[in-house]
file data-v2.pdb (PDB, C-alpha atoms, pLDDT in the B column)
ATOM      1  CA  MET J   1      94.570 -20.463  84.802  1.00 97.00           C
ATOM      2  CA  LYS J   2      94.173 -17.570  82.372  1.00 98.00           C
ATOM      3  CA  ALA J   3      96.192 -14.516  81.401  1.00 98.00           C
ATOM      4  CA  PHE J   4      95.287 -11.039  80.179  1.00 98.00           C
ATOM      5  CA  ARG J   5      97.413  -8.135  78.967  1.00 98.00           C
ATOM      6  CA  CYS J   6      95.779  -4.737  79.369  1.00 97.00           C
ATOM      7  CA  GLY J   7      97.611  -3.514  76.263  1.00 97.00           C
ATOM      8  CA  ASP J   8      95.428  -5.849  74.196  1.00 97.00           C
ATOM      9  CA  VAL J   9      92.489  -3.600  75.085  1.00 95.00           C
ATOM     10  CA  VAL J  10      94.186  -0.299  76.040  1.00 94.00           C
ATOM     11  CA  PRO J  11      97.094   0.380  73.678  1.00 95.00           C
ATOM     12  CA  GLY J  12     100.273   1.365  75.482  1.00 97.00           C
ATOM     13  CA  CYS J  13      99.427  -0.242  78.830  1.00 98.00           C
ATOM     14  CA  ALA J  14     101.997  -2.846  79.886  1.00 98.00           C
ATOM     15  CA  ARG J  15     100.077  -4.322  82.845  1.00 98.00           C
ATOM     16  CA  ALA J  16      99.463  -8.084  82.768  1.00 98.00           C
ATOM     17  CA  PHE J  17      97.298 -10.337  84.926  1.00 98.00           C
ATOM     18  CA  THR J  18      97.056 -14.079  85.574  1.00 98.00           C
ATOM     19  CA  GLY J  19      94.565 -16.127  87.567  1.00 98.00           C
ATOM     20  CA  THR J  20      91.039 -17.353  87.208  1.00 98.00           C
ATOM     21  CA  GLU J  21      88.652 -15.340  85.067  1.00 97.00           C
ATOM     22  CA  ASP J  22      87.002 -13.891  88.190  1.00 97.00           C
ATOM     23  CA  GLU J  23      90.365 -12.996  89.749  1.00 98.00           C
ATOM     24  CA  ILE J  24      91.509 -11.272  86.581  1.00 98.00           C
ATOM     25  CA  LEU J  25      88.262  -9.312  86.232  1.00 97.00           C
ATOM     26  CA  ALA J  26      88.530  -8.102  89.835  1.00 97.00           C
ATOM     27  CA  GLU J  27      92.165  -7.044  89.361  1.00 98.00           C
ATOM     28  CA  VAL J  28      91.364  -5.363  86.040  1.00 97.00           C
ATOM     29  CA  ALA J  29      88.548  -3.387  87.682  1.00 96.00           C
ATOM     30  CA  ARG J  30      90.951  -2.090  90.346  1.00 97.00           C
ATOM     31  CA  HIS J  31      93.600  -1.363  87.713  1.00 97.00           C
ATOM     32  CA  ALA J  32      91.121   0.462  85.461  1.00 96.00           C
ATOM     33  CA  GLN J  33      90.111   2.710  88.341  1.00 96.00           C
ATOM     34  CA  ALA J  34      93.604   3.375  89.713  1.00 97.00           C
ATOM     35  CA  ASP J  35      95.576   3.642  86.484  1.00 96.00           C
ATOM     36  CA  HIS J  36      93.046   4.556  83.790  1.00 95.00           C
ATOM     37  CA  GLY J  37      90.680   6.757  85.807  1.00 95.00           C
ATOM     38  CA  LEU J  38      87.532   4.716  85.207  1.00 94.00           C
ATOM     39  CA  THR J  39      84.997   4.988  88.021  1.00 92.00           C
ATOM     40  CA  GLU J  40      82.976   2.110  86.549  1.00 92.00           C
ATOM     41  CA  VAL J  41      83.926  -0.709  84.237  1.00 91.00           C
ATOM     42  CA  PRO J  42      81.351  -0.796  81.424  1.00 93.00           C
ATOM     43  CA  ALA J  43      79.931  -4.163  80.365  1.00 95.00           C
ATOM     44  CA  GLU J  44      81.452  -3.669  76.900  1.00 95.00           C
ATOM     45  CA  LEU J  45      84.922  -3.407  78.433  1.00 94.00           C
ATOM     46  CA  VAL J  46      84.350  -6.522  80.543  1.00 95.00           C
ATOM     47  CA  GLU J  47      83.438  -8.432  77.374  1.00 97.00           C
ATOM     48  CA  ARG J  48      86.550  -7.120  75.587  1.00 97.00           C
ATOM     49  CA  VAL J  49      88.700  -8.242  78.539  1.00 97.00           C
ATOM     50  CA  ARG J  50      87.074 -11.686  78.544  1.00 97.00           C
ATOM     51  CA  GLY J  51      87.648 -11.981  74.812  1.00 97.00           C
ATOM     52  CA  ALA J  52      91.325 -11.081  75.171  1.00 98.00           C
ATOM     53  CA  MET J  53      92.045 -13.633  77.931  1.00 98.00           C
ATOM     54  CA  VAL J  54      94.137 -16.629  76.964  1.00 98.00           C
ATOM     55  CA  VAL J  55      94.898 -19.905  78.696  1.00 97.00           C
ATOM     56  CA  ALA J  56      98.121 -19.495  80.662  1.00 92.00           C
TER      57      ALA J  56
END

call {"tool": "encode", "arguments": {"input": "data-v2.pdb", "output": "structure tokens"}}
result
Amino acid sequence: MKAFRCGDVVPGCARAFTGTEDEILAEVARHAQADHGLTEVPAELVERVRGAMVVA
């Protein structure tokens, strides 16, 4: 199980996620589109999210 806080990548965002790496990445993609207006999640952002995940 892993955890990720969006604020670690996007300052000011309080959203947090837990689950497997794949589950978190899928949730983050939906969150980025709905709440941050991204139509695509760039590979660089995916790598930043992966790097910010911690063991929960």

call {"tool": "resolve_selection", "arguments": {"input": "data-v2.pdb", "expression": "the PyMOL selection byres ((chain J and resi 4) around 6)", "output": "list of chain:residue names"}}
result
J:Ala3, J:Arg5, J:Ala16, J:Phe17, J:Met53

call {"tool": "resolve_selection", "arguments": {"input": "data-v2.pdb", "expression": "the PyMOL selection byres ((chain J and resi 19) around 10)", "output": "PyMOL selection string"}}
result
chain J and resi 1-4+17-18+20-25+27+55-56

call {"tool": "atom_distance", "arguments": {"input": "data-v2.pdb", "atom1": "atom CA of J:Pro42", "atom2": "atom CA of J:Val54"}}
result
20.8 Å

call {"tool": "atom_distance", "arguments": {"input": "data-v2.pdb", "atom1": "atom CA of J:Pro11", "atom2": "atom CA of J:Gly37"}}
result
15.1 Å

call {"tool": "resolve_selection", "arguments": {"input": "data-v2.pdb", "expression": "the PyMOL selection byres ((chain J and resi 10) around 12)", "output": "PyMOL selection string"}}
result
chain J and resi 4-9+11-16+28+31-32+35-36+45+48-49+52
